[in-house]
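Here is the structure we will look at.
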There are 2 protein chains.
Amino acid sequence: MVNQRADIGWQSSKSDSSGASNSGESSKESSRCSTPVLDADRTDRLRDKMKRRIESGDHWFSLEFFPPRTTSGAVNLISRFDRMGSGGPLFIDITWHPAGDPGSDKETSSMMIASTAVNYCGLESVLHLTCCNQTKEKITAHLNKAKRLGLKNIMALRGDPIGEDWVEEDGGFNYATDLVKHIRCEFDDYFDICVAGYPTGHPEAESYEDDLRHLKEKVDAGAHFIVTQLFFRAETFLKFVKDCRAIGITCPILPGIFPIQGYHSLRQLVKLSKLEVPEEITQVIEPIKDNDAAIRNYGIQQAVEMCKVLLASGEVPGLHFYTLNREVATMEVLRQLGLWAEDPRRPLPWAISAHPKRKEEDVRPIFWASRPKSYIYRTQDWDDFPNGRWGNSSSPAFGELTDYYLFYLKSKSPKEALLQMWGEELMSEESVYEVFTNYITGDTNRNGHKVMCLPWNDDPLAPETNLLKDELEKVNRRGVLTINSQPNINGKASSDPIVGWGPAGGYVFQKAYLEFFTSSENVTALLQVLKKYEPRVNYHIVNVQGRNITNAPDMQPNAVTWGIFPGREIVQPTVVDPVSFMYWKDEAFALWIEQWAKLYEDESPSRMIIQYIHDNYFLVNLVDNDFPLDSCLWQVIEDMFVLLDSPQVTQDEGSEL
Amino acid sequence: MVNQRADIGWQSSKSDSSGASNSGESSKESSRCSTPVLDADRTDRLRDKMKRRIESGDHWFSLEFFPPRTTSGAVNLISRFDRMGSGGPLFIDITWHPAGDPGSDKETSSMMIASTAVNYCGLESVLHLTCCNQTKEKITAHLNKAKRLGLKNIMALRGDPIGEDWVEEDGGFNYATDLVKHIRCEFDDYFDICVAGYPTGHPEAESYEDDLRHLKEKVDAGAHFIVTQLFFRAETFLKFVKDCRAIGITCPILPGIFPIQGYHSLRQLVKLSKLEVPEEITQVIEPIKDNDAAIRNYGIQQAVEMCKVLLASGEVPGLHFYTLNREVATMEVLRQLGLWAEDPRRPLPWAISAHPKRKEEDVRPIFWASRPKSYIYRTQDWDDFPNGRWGNSSSPAFGELTDYYLFYLKSKSPKEALLQMWGEELMSEESVYEVFTNYITGDTNRNGHKVMCLPWNDDPLAPETNLLKDELEKVNRRGVLTINSQPNINGKASSDPIVGWGPAGGYVFQKAYLEFFTSSENVTALLQVLKKYEPRVNYHIVNVQGRNITNAPDMQPNAVTWGIFPGREIVQPTVVDPVSFMYWKDEAFALWIEQWAKLYEDESPSRMIIQYIHDNYFLVNLVDNDFPLDSCLWQVIEDMFVLLDSPQVTQDEGSEL
């Protein structure tokens with residue numbers, strides 16, 4: 001059982017929260033970047049999205065998370081964003097942890113976690129910000145940074161004063177209202193602003209009515225919507241909404257939902273938030289307090305029933321969940337409510353970043369298909385993103401490989417797991433071929449472990465790639481070490497569960513693509529073979545020194561995935577681009593060393609084998625342009641092997657390279 | 001027999017050339033805008049194109065024309081550019097006619113004819129310019145204007161001094177060399193410069209050797225290539241080239257070829273150019289001097305034989321033809337030499353303009369498909385042209401309809417012919433339906449005339465549209481007056497002779513498109529029917545007042561023609577764009593009045609019928625997005641007729657409009 005941080009949500013309390021553990025659950029699930037639900041206009045503001053959903057009567061949900069304490073906790077939390085993002089939250093929010101250097105560039109800061117959610121996971125995100133004991137300059141600096149990082153929404157909170165003897169400061173930030181005013185004054189209408197509501201009154205408020213008046217002040221100062229503190233009975237919230245409406249608060253009010261997940265976490269929460277747990281709940285919980293599963297099941301049931309009442313009231317456009325950074329209970333509640341919208345349709349074949357600067361982006365090189373976060377990171381300084389055509393983006397410069405954040409280069413798996421998968425000791429290049437082959441087949445290796453990832457693929461084979469499994473196995477066994485591929489597709493419905501993407505009623509297409517490392521001997525034969533496949537097959541072949549052999553016309557990009565939709569221009573989201581391939585090749589070769597070679601001792605035979613491959617193999621990509629026909633790329637590889645097996649090749653060996 | 005202008009080519013002579021008639025041959029042929037041969041890089045300079053062709057041993061040809069005297073001559077000459085352009089000339093050149101206000105904005109000026117060739121016909125063009133008796137300011141003004149119009153190449157000539165007593169002026173332009181220097185001095189390397197060479201010496205030169213030295217001076221001053229005066233024997237030219245090379249002239253030297261086309265034109269030419277016709281030619285010609293056909297056949301044979309010798313010598317990279325603005329003889333010579341390259345492949349489905357500003361242009365709205373020159377004219381002031389996506393071009397503003405040049409609004413046919421085709425007298429709207437139907441079927445009308453054009457279609461039905469003939473006939477008969485359509489295409493080879501375009505090895509696609517005028521009663525029923533076809537069919541329906549009914553999502557453009565090619569991004573050259581449709585509708589409705597109604601007397605019944613249609617009909621376009629299926633658009637129309645024929649429609653009539 002993992003404890004949650006005590007600063008659940010934004011509730012105000014004088015207790016120091018640093019005592020609680022904050023490590024996330026370790027995750028074995030896929031971290032494939034999820035895709036947000038279809039969003040007609042990515043420039044939309046959160047308030048506009050809410051307005052449209054309210055008008056159409058389409059209930060939403062949102063999810064609250066707190067920043068993790070460790071970098072590995074951050075890696076896990078981001079995987080969770082991806083998974084929970086796939087259910088279609090309208091937004092997520094990240095709490096502000098004053099003691100945790102929340103505005104810093106640390107991987108674990110509130111600021112960086114929220115930035116990651118927006119930029120890398122494509123989630124509409126709200127950053128909490130507390131103003132108590134902060135200078136205006138500091139607050140403005142935080143807001144400027146948030147804006148620069150692509151954050152568009154702020155949850156404006158007072159926060160917990162430090163020390164018992166807090167007194168109001170003249171001209172300082174004494175209440176959340178001051179922060180709301182400051183944001184509107186300094187940033188005009190740029191941020192969408194959320195404020196907190198207390199269905200049973202703020203614990204420090206003089207009265208319930210006094211607290212309602214404070215809430216009205218916050219809204220009048222410029223807040224766009226309200227999220228409430230948690231509560232245990234639907235009628236508590238519904239009375240609160242009625243009282244808010246009575247004094248003229250008209251903006252959306254979202255109930256804070258807390259599915260009870262454990263006895264201890266509930267007790268701690270109650271202590272900190274000064275909320276009373278109703279007797280009907282304690283009566284159920286006390287007898288089963290040592291049975292975690294039973295309590296969680298009860299929590300789910302209780303939350304589902306309360307949410308049903310809330311949604312049926314007509315007063316609740318959306319539900320806000322305090323997840324405690326966990327996913328099972330919240331997902332189950334949402335599934336039972338029919339709100340978990342795991343939509344297999346994707347707007348594009350890759351996950352769209354929610355950074356406003358990237359709103360036009362709709363073309364990417366195929367090379368980073370398995371490493372989208374690395375791609376986003378390396379292109380974060382671009383002023384323009386390609387729109388419609390890759391060629392429109394004038395000579396893009398990719399960020400340096402050496403700048404990498406933890407999230408983008410590091411494997412999720414610990415060293416021990418990697419050694420089990422990739423071999424404690426390598427005997428030869430063939431040992432490496434075996435690792436690739438086992439990754440493809442899903443078979444266990446000689447030591448009984450499955451190869452769940454490779455340096456270039458953090459996750460098991462994608463369903464689409466599974467279609468190519470037999471061919472991939474055959475060629476990997478012989479040292480064609482595949483790291484990326486896609487089958488050809490000739491006009492499948494955009495709703496196809498495996499290869500579909502984009503709006504309904506469309507058709508999607510692909511050219512067959514294959515990317516692999518292979519020895520220079522193989523490349524010599526391959527080049528011989530490729531002459532027969534002109535101009536059907538385009539190729540780029542490069543080694544770590546940058547020696548580059550290609551037949552791409554005029555260094556033009558080749559569109560390899562495109563879609564045709566009703567009433568729209570053609571969308572071509574994936575290209576093979578000669579220029580960006582040279583940046584990708586640096587990253588692809590570096591992963592041999594950074595992720596694999598460094599598992600072994602310096603000078604060890606294992607390390608030297610990987611180093612040899614890094615130094616001598618070529619990275620090859622092949623495109624079959626004749627997408628209506630069956631892919632010829634397997635035949636190309638087969639022809640290469642035939643040529644290698646024929647006697648005269650030995651004489652020519654190395655003649656071309 | 002039509003006389004040619006006396007200022008053939010750029011040859012220098014003291015004779016006044018104004019005596020000769022300059023009317024072009026009247027043309028009954030198609031004026032469909034031809035498409036230049038595939039050109040990998042439209043930014044190429046002429047000198048680079050020559051260099052590449054010389055390196056690859058790929059012989060070229062070029063064509064010289066002179067400006068016509070009348071506007072109808074200009075319309076005909078432009079049709080000829082289109083036809084002769086389809087044979088693939090490397091460039092054409094337009095002579096400078098000092099007496100004809102050559103730098104003015106008249107439709108017949110050298111400047112405007114050259115501009116039309118570049119901008120509207122997509123031909124690489126060289127503008128002649130003579131400097132004799134011109135101030136530097138005037139010359140610079142001409143050059144600036146040429147640059148502004150998209151001209152990139154100048155043929156620098158001295159021209160004919162006026163009067164017998166010409167003497168050199170200090171600081172003036174006395175020789176073509178002065179003009180070459182001036183161009184290089186004022187415009188640096190912007191223009192590619194051509195100069196004249198005289199295989200038998202300039203008639204005013206002191207000696208052949210002296211003339212060669214002058215030529216060397218012109219090249220040294222910055223000329224890029226040489227075109228020669230005509231000659232009658234291959235050895236004359238080959239000796240000249242040898243002599244040029246001997247004194248260090250290294251640039252391309254193109255022989256001027258003059259296919260003899262008539263006895264009188266040859267005699268006049270000889271008189272003006274002071275050339276001697278060799279005896280072997282006069283011996284053949286004199287006996288047949290009254291037989292035009294025989295002389296022309298001889299001229300073709302003589303030119304072909306001489307050109308074969310020239311090309312076989314290895315000294316001649318390309319042939320320059322003095323066409324005398326006529327096409328038959330030159331085309332025949334080129335065909336016999338195997339140089340006429342009528343390549344059915346088109347780089348795009350529409351003809352590309354050769355204006356350097358438009359070099360990126362690769363998307364156009366479908367509406368102007370039959371009126372490409374009007375489109376180019378109306379968009380000539382655009383700073384950017386859409387590249388890859390129509391959506392990228394931010395709210396394009398189209399030039400005013402009222403600005404129209406003769407070339408763009410006027411019908412090629414005279415009023416009498418139009419009345420014969422469209423009816424001396426119209427009895428009712430049904431008379432108009434009959435005109436449309438006869439245009440589609442190709443049948444003769446009641447008066448025995450074929451309808452060869454309509455105001456929206458200057459030419460008979462395109463081969464592609466012929467595929468839809470039966471359906472078109474049926475609907476036009478019932479008052480669905482079609483003006484534009486294309487069938488759906490699901491991945492035909494880019495080399496397809498009817499619908500193919502773009503590089504080899506690709507596939508082209510189309511969505512079915514239909515555009516027509518029809519009555520408001522029909523539109524009421526159509527809207528009812530279209531509900532059944534959501535979202536498969538997109539429509540825009542508009543009347544002359546601009547009342548606009550559409551189901552296009554967010555006013556986005558719909559790509560209706562696209563192609564997939566080896567090693568390239570997707571090309572989508574034709575879109576249905578809601579914004580530009582509103583500009584097109586002004587033009588489409590105006591054509592009813594400008595071309596048709598105005599054929600009849602004011603207040604005449606015929607005129608009032610056309611005016612009624614103009615005022616009351618709607619312009620409709622339909623796109624069937626489901627391109628892999630057979631077009632449903634005919635079924636849509638059929639359903640509309642069924643609904644109109646059913647009794648209850650009469651009650652609802654007008655309820656929607």
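Labeling convention for the structure tokens: chains A, B, ... as they appear, residues from 1 per chain, ligands from 1 in order of appearance.
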
- request: Find the residues around region 636-640 of chain B up to 12 Å (only C-alpha atoms counted), leave out those fewer than 5 positions away in its own chain, and share them as a ChimeraX atom specification.
  value: /B:471-472,474-476,478-482,514-516,518,521-534,536-539,620-624,631,645-646,649

Output the selection as a short mmCIF file (atom, residue, chain, number, x, y, z; two decimals), in the first residue's frame - N, CA and C atoms for each residue.
data_model
loop_
_atom_site.label_atom_id
_atom_site.label_comp_id
_atom_site.auth_asym_id
_atom_site.auth_seq_id
_atom_site.Cartn_x
_atom_site.Cartn_y
_atom_site.Cartn_z
N GLU B 471 -24.47 10.98 -68.36
CA GLU B 471 -25.14 11.54 -67.19
C GLU B 471 -25.31 13.05 -67.34
N LEU B 472 -24.30 13.71 -67.88
CA LEU B 472 -24.38 15.16 -68.03
C LEU B 472 -25.54 15.53 -68.97
N LYS B 474 -28.28 13.94 -69.57
CA LYS B 474 -29.57 13.70 -68.93
C LYS B 474 -29.97 14.86 -68.01
N VAL B 475 -29.02 15.32 -67.19
CA VAL B 475 -29.38 16.34 -66.20
C VAL B 475 -29.49 17.72 -66.83
N ASN B 476 -28.68 18.02 -67.84
CA ASN B 476 -28.79 19.32 -68.50
C ASN B 476 -30.14 19.47 -69.20
N ARG B 478 -32.81 18.59 -68.19
CA ARG B 478 -33.84 18.93 -67.20
C ARG B 478 -33.48 20.18 -66.39
N GLY B 479 -32.54 20.95 -66.88
CA GLY B 479 -32.30 22.24 -66.24
C GLY B 479 -31.26 22.23 -65.12
N VAL B 480 -30.48 21.16 -65.07
CA VAL B 480 -29.30 21.19 -64.19
C VAL B 480 -28.14 21.54 -65.12
N LEU B 481 -27.81 22.84 -65.15
CA LEU B 481 -26.95 23.38 -66.20
C LEU B 481 -25.49 23.29 -65.75
N THR B 482 -24.84 22.20 -66.13
CA THR B 482 -23.50 21.90 -65.60
C THR B 482 -22.44 22.77 -66.25
N LEU B 514 -19.26 18.13 -59.12
CA LEU B 514 -20.26 18.58 -60.08
C LEU B 514 -20.66 20.01 -59.71
N GLU B 515 -20.65 20.88 -60.72
CA GLU B 515 -21.03 22.28 -60.48
C GLU B 515 -22.04 22.68 -61.54
N PHE B 516 -23.11 23.31 -61.13
CA PHE B 516 -24.16 23.66 -62.09
C PHE B 516 -25.00 24.83 -61.59
N THR B 518 -28.93 26.03 -61.33
CA THR B 518 -30.27 25.46 -61.41
C THR B 518 -31.26 26.35 -60.69
N GLU B 521 -36.45 26.34 -57.35
CA GLU B 521 -37.35 25.21 -57.08
C GLU B 521 -36.52 23.93 -56.96
N ASN B 522 -35.62 23.75 -57.91
CA ASN B 522 -34.76 22.56 -57.86
C ASN B 522 -33.92 22.54 -56.59
N VAL B 523 -33.42 23.71 -56.20
CA VAL B 523 -32.55 23.77 -55.03
C VAL B 523 -33.32 23.40 -53.76
N THR B 524 -34.57 23.82 -53.69
CA THR B 524 -35.40 23.45 -52.54
C THR B 524 -35.49 21.93 -52.40
N ALA B 525 -35.75 21.27 -53.51
CA ALA B 525 -35.83 19.81 -53.47
C ALA B 525 -34.45 19.20 -53.19
N LEU B 526 -33.42 19.79 -53.80
CA LEU B 526 -32.05 19.28 -53.63
C LEU B 526 -31.65 19.28 -52.16
N LEU B 527 -31.96 20.38 -51.46
CA LEU B 527 -31.58 20.48 -50.05
C LEU B 527 -32.26 19.39 -49.23
N GLN B 528 -33.50 19.10 -49.60
CA GLN B 528 -34.23 18.03 -48.94
C GLN B 528 -33.50 16.70 -49.13
N VAL B 529 -33.10 16.47 -50.36
CA VAL B 529 -32.43 15.22 -50.72
C VAL B 529 -31.06 15.11 -50.05
N LEU B 530 -30.34 16.23 -49.97
CA LEU B 530 -28.96 16.19 -49.48
C LEU B 530 -28.86 15.73 -48.03
N LYS B 531 -29.96 15.89 -47.28
CA LYS B 531 -29.94 15.44 -45.88
C LYS B 531 -29.59 13.96 -45.80
N LYS B 532 -30.05 13.21 -46.78
CA LYS B 532 -29.78 11.76 -46.81
C LYS B 532 -28.31 11.45 -47.08
N TYR B 533 -27.59 12.41 -47.63
CA TYR B 533 -26.22 12.15 -48.07
C TYR B 533 -25.16 12.77 -47.15
N GLU B 534 -25.57 13.10 -45.92
CA GLU B 534 -24.61 13.61 -44.93
C GLU B 534 -23.83 12.44 -44.33
N ARG B 536 -21.48 12.31 -46.50
CA ARG B 536 -20.78 11.85 -47.70
C ARG B 536 -20.62 12.97 -48.73
N VAL B 537 -21.66 13.80 -48.88
CA VAL B 537 -21.62 14.85 -49.90
C VAL B 537 -21.48 16.22 -49.25
N ASN B 538 -20.49 16.98 -49.69
CA ASN B 538 -20.38 18.39 -49.28
C ASN B 538 -20.96 19.26 -50.38
N TYR B 539 -21.66 20.32 -49.97
CA TYR B 539 -22.25 21.21 -50.97
C TYR B 539 -22.06 22.67 -50.61
N VAL B 620 -24.50 25.82 -57.79
CA VAL B 620 -24.39 24.71 -56.83
C VAL B 620 -23.10 23.94 -57.10
N ASN B 621 -22.33 23.60 -56.04
CA ASN B 621 -21.30 22.59 -56.27
C ASN B 621 -21.45 21.46 -55.27
N LEU B 622 -21.15 20.27 -55.73
CA LEU B 622 -21.29 19.05 -54.93
C LEU B 622 -19.99 18.25 -54.99
N VAL B 623 -19.54 17.76 -53.85
CA VAL B 623 -18.37 16.86 -53.80
C VAL B 623 -18.81 15.56 -53.15
N ASP B 624 -18.51 14.45 -53.80
CA ASP B 624 -18.72 13.14 -53.17
C ASP B 624 -17.41 12.72 -52.52
N SER B 631 -19.44 7.40 -57.91
CA SER B 631 -20.00 8.69 -57.52
C SER B 631 -21.50 8.57 -57.24
N ASP B 645 -40.97 15.42 -58.83
CA ASP B 645 -42.08 14.82 -59.56
C ASP B 645 -43.18 14.29 -58.64
N SER B 646 -42.84 14.15 -57.33
CA SER B 646 -43.85 13.60 -56.41
C SER B 646 -44.78 14.74 -55.98
N VAL B 649 -44.38 17.81 -53.03
CA VAL B 649 -43.36 18.86 -53.11
C VAL B 649 -43.97 20.20 -53.44
#

Residues of chain B that approach chain A to 7 Å or less, counting only C-alpha atoms: could you list each one with the shortest pair of atoms and its distance in Å to one decimal, rows by chain and increasing residue number, as a tab-separated table?
residue	atom	partner	partner_atom	distance
B:Gly388	CA	A:Arg389	CA	6.2
B:Arg389	CA	A:Gly388	CA	6.2
B:Arg536	CA	A:Pro566	CA	6.8
B:Asn538	CA	A:Gly567	CA	6.4
B:Ala552	CA	A:Gly567	CA	6.0
B:Pro553	CA	A:Gly567	CA	6.5
B:Gln556	CA	A:Arg568	CA	6.1
B:Pro557	CA	A:Arg568	CA	5.6
B:Asn558	CA	A:Arg568	CA	4.2
B:Ala559	CA	A:Glu569	CA	4.6
B:Pro566	CA	A:Asn625	CA	5.1
B:Gly567	CA	A:Asn558	CA	4.4
B:Arg568	CA	A:Asn558	CA	4.2
B:Glu569	CA	A:Ala559	CA	4.5
B:Ile570	CA	A:Ala559	CA	6.3
B:Asn625	CA	A:Pro566	CA	5.1

- prompt: Of the residues A:Ser413, A:Ser370, A:Asn447, A:Thr379, which is the one nearest to Asn484 (chain A), using only C-alpha atoms?
  reply: A:Ser370

Taking 3 positions as the minimum chain separation for residues in the same chain, which residues sit within 12 Å of Tyr612 (chain B) when counting only C-alpha atoms? Answer as a JSON list (two decimals) with C-alpha atoms, in the first residue's frame.
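Once everything was written out, this is part_32.json:
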[["chain", "number", "residue", "atom", "x", "y", "z"],
["B", 428, "SER", "CA", -37.83, 30.19, -72.71],
["B", 429, "GLU", "CA", -35.48, 28.81, -70.06],
["B", 432, "VAL", "CA", -31.09, 27.59, -72.62],
["B", 518, "THR", "CA", -30.27, 25.46, -61.41],
["B", 519, "SER", "CA", -33.59, 27.02, -60.44],
["B", 520, "SER", "CA", -34.54, 27.81, -56.84],
["B", 544, "VAL", "CA", -26.15, 36.07, -57.26],
["B", 589, "PHE", "CA", -22.91, 34.88, -62.72],
["B", 592, "TRP", "CA", -24.33, 35.07, -68.11],
["B", 593, "ILE", "CA", -24.67, 38.78, -68.72],
["B", 597, "ALA", "CA", -27.29, 38.40, -72.44],
["B", 603, "GLU", "CA", -35.43, 44.54, -73.35],
["B", 605, "PRO", "CA", -37.22, 38.52, -74.71],
["B", 606, "SER", "CA", -33.95, 36.61, -75.23],
["B", 607, "ARG", "CA", -32.06, 39.02, -73.06],
["B", 608, "MET", "CA", -34.72, 38.92, -70.38],
["B", 609, "ILE", "CA", -34.59, 35.13, -70.23],
["B", 615, "ASP", "CA", -31.19, 36.83, -61.13],
["B", 616, "ASN", "CA", -32.99, 33.71, -59.91],
["B", 617, "TYR", "CA", -30.88, 30.59, -60.41],
["B", 618, "PHE", "CA", -28.45, 29.21, -57.87]]

message: Neighbouring residues of region 280-292 of chain A were defined as those with any atom within 10 Å, considering only C-alpha atoms; residues of the same chain fewer than 2 positions away were excluded. Please report them as a VMD selection string.
response: chain A and resid 1 232 260 to 264 277 to 278 294 to 299 302

For CA of Thr437 (chain B) and CA of His540 (chain B), the interatomic separation in Å (one decimal): 23.4 Å

query: Which residue, B:Gly502, B:Gly122, B:Pro414, B:Gly563, has the smallest gap to Pro347 (chain B) when you use only C-alpha atoms?
result: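 Among the listed residues, the smallest separation from Pro347 (chain B) belongs to B:Gly502.
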
task: Might you pull out every residue within 8 Å of Cys251 (chain B), with only C-alpha atoms counted and same-chain residues fewer than 4 positions away left off, and present them as a ChimeraX atom specification?
output: /B:219,224-226

- prompt: Among region 326-529 of chain B, which residues carry a DSSP assignment of strand (DSSP E), reported as a list in words?
  reply: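 The strand (DSSP E) residues within region 326-529 of chain B come out as Arg364, Pro365, Leu481, Thr482, Ile483, Asn484, Ser485, Gln486, Ile489, Asn490, Gly491, Lys492, Ala493, Tyr507, Val508, Phe509, Gln510, Ala512, Tyr513, Leu514, Glu515, Phe516, Phe517 and Thr518 of chain B.
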
Just the selected residues (N, CA and C atoms), exported as a PDB file, in the first residue's frame, please.
ATOM      1  N   ARG B 364      -4.816  25.093 -56.387  1.00  0.00           N
ATOM      2  CA  ARG B 364      -5.779  26.067 -56.892  1.00  0.00           C
ATOM      3  C   ARG B 364      -7.193  25.584 -56.632  1.00  0.00           C
ATOM      4  N   PRO B 365      -8.148  26.525 -56.524  1.00  0.00           N
ATOM      5  CA  PRO B 365      -9.547  26.107 -56.432  1.00  0.00           C
ATOM      6  C   PRO B 365      -9.992  25.510 -57.770  1.00  0.00           C
ATOM      7  N   LEU B 481     -27.814  22.840 -65.153  1.00  0.00           N
ATOM      8  CA  LEU B 481     -26.946  23.376 -66.201  1.00  0.00           C
ATOM      9  C   LEU B 481     -25.492  23.294 -65.752  1.00  0.00           C
ATOM     10  N   THR B 482     -24.835  22.196 -66.126  1.00  0.00           N
ATOM     11  CA  THR B 482     -23.501  21.897 -65.595  1.00  0.00           C
ATOM     12  C   THR B 482     -22.445  22.766 -66.253  1.00  0.00           C
ATOM     13  N   ILE B 483     -21.520  23.289 -65.431  1.00  0.00           N
ATOM     14  CA  ILE B 483     -20.417  24.075 -65.998  1.00  0.00           C
ATOM     15  C   ILE B 483     -19.057  23.532 -65.608  1.00  0.00           C
ATOM     16  N   ASN B 484     -19.012  22.543 -64.723  1.00  0.00           N
ATOM     17  CA  ASN B 484     -17.708  21.999 -64.316  1.00  0.00           C
ATOM     18  C   ASN B 484     -17.966  20.656 -63.636  1.00  0.00           C
ATOM     19  N   SER B 485     -17.129  19.696 -63.899  1.00  0.00           N
ATOM     20  CA  SER B 485     -17.311  18.397 -63.255  1.00  0.00           C
ATOM     21  C   SER B 485     -16.041  17.583 -63.387  1.00  0.00           C
ATOM     22  N   GLN B 486     -15.872  16.660 -62.482  1.00  0.00           N
ATOM     23  CA  GLN B 486     -14.806  15.672 -62.656  1.00  0.00           C
ATOM     24  C   GLN B 486     -15.278  14.357 -62.057  1.00  0.00           C
ATOM     25  N   ILE B 489     -11.704   9.258 -59.074  1.00  0.00           N
ATOM     26  CA  ILE B 489     -10.583   8.420 -59.518  1.00  0.00           C
ATOM     27  C   ILE B 489      -9.976   7.823 -58.256  1.00  0.00           C
ATOM     28  N   ASN B 490      -9.846   6.524 -58.231  1.00  0.00           N
ATOM     29  CA  ASN B 490      -9.280   5.877 -57.047  1.00  0.00           C
ATOM     30  C   ASN B 490      -7.948   5.223 -57.379  1.00  0.00           C
ATOM     31  N   GLY B 491      -6.887   6.068 -57.426  1.00  0.00           N
ATOM     32  CA  GLY B 491      -5.548   5.510 -57.604  1.00  0.00           C
ATOM     33  C   GLY B 491      -5.234   5.016 -59.006  1.00  0.00           C
ATOM     34  N   LYS B 492      -5.386   5.897 -60.022  1.00  0.00           N
ATOM     35  CA  LYS B 492      -4.890   5.520 -61.355  1.00  0.00           C
ATOM     36  C   LYS B 492      -3.422   5.923 -61.482  1.00  0.00           C
ATOM     37  N   ALA B 493      -2.719   5.247 -62.389  1.00  0.00           N
ATOM     38  CA  ALA B 493      -1.294   5.545 -62.603  1.00  0.00           C
ATOM     39  C   ALA B 493      -1.120   7.000 -63.019  1.00  0.00           C
ATOM     40  N   TYR B 507       0.492   7.697 -58.221  1.00  0.00           N
ATOM     41  CA  TYR B 507      -0.927   7.381 -58.330  1.00  0.00           C
ATOM     42  C   TYR B 507      -1.723   8.660 -58.132  1.00  0.00           C
ATOM     43  N   VAL B 508      -2.769   8.831 -58.949  1.00  0.00           N
ATOM     44  CA  VAL B 508      -3.590  10.029 -58.802  1.00  0.00           C
ATOM     45  C   VAL B 508      -5.007   9.644 -58.380  1.00  0.00           C
ATOM     46  N   PHE B 509      -5.611  10.571 -57.650  1.00  0.00           N
ATOM     47  CA  PHE B 509      -6.930  10.361 -57.060  1.00  0.00           C
ATOM     48  C   PHE B 509      -7.798  11.594 -57.297  1.00  0.00           C
ATOM     49  N   GLN B 510      -9.099  11.380 -57.315  1.00  0.00           N
ATOM     50  CA  GLN B 510     -10.037  12.502 -57.382  1.00  0.00           C
ATOM     51  C   GLN B 510     -11.309  12.159 -56.618  1.00  0.00           C
ATOM     52  N   ALA B 512     -15.346  12.895 -56.853  1.00  0.00           N
ATOM     53  CA  ALA B 512     -16.281  13.335 -57.882  1.00  0.00           C
ATOM     54  C   ALA B 512     -16.773  14.743 -57.547  1.00  0.00           C
ATOM     55  N   TYR B 513     -16.859  15.570 -58.584  1.00  0.00           N
ATOM     56  CA  TYR B 513     -17.257  16.971 -58.412  1.00  0.00           C
ATOM     57  C   TYR B 513     -18.278  17.329 -59.487  1.00  0.00           C
ATOM     58  N   LEU B 514     -19.263  18.128 -59.119  1.00  0.00           N
ATOM     59  CA  LEU B 514     -20.261  18.581 -60.079  1.00  0.00           C
ATOM     60  C   LEU B 514     -20.656  20.006 -59.708  1.00  0.00           C
ATOM     61  N   GLU B 515     -20.654  20.879 -60.721  1.00  0.00           N
ATOM     62  CA  GLU B 515     -21.029  22.276 -60.483  1.00  0.00           C
ATOM     63  C   GLU B 515     -22.042  22.684 -61.543  1.00  0.00           C
ATOM     64  N   PHE B 516     -23.108  23.314 -61.131  1.00  0.00           N
ATOM     65  CA  PHE B 516     -24.165  23.661 -62.088  1.00  0.00           C
ATOM     66  C   PHE B 516     -25.000  24.831 -61.590  1.00  0.00           C
ATOM     67  N   PHE B 517     -25.678  25.462 -62.545  1.00  0.00           N
ATOM     68  CA  PHE B 517     -26.724  26.416 -62.219  1.00  0.00           C
ATOM     69  C   PHE B 517     -28.048  25.673 -62.235  1.00  0.00           C
ATOM     70  N   THR B 518     -28.934  26.029 -61.332  1.00  0.00           N
ATOM     71  CA  THR B 518     -30.273  25.456 -61.408  1.00  0.00           C
ATOM     72  C   THR B 518     -31.264  26.353 -60.685  1.00  0.00           C
TER      73      THR B 518
END

message: as a ChimeraX atom specification, please: every residue in region 405-462 of chain A that a backbone DSSP assignment puts in alpha helix (DSSP H).
response: /A:406-409,415-422,429-441
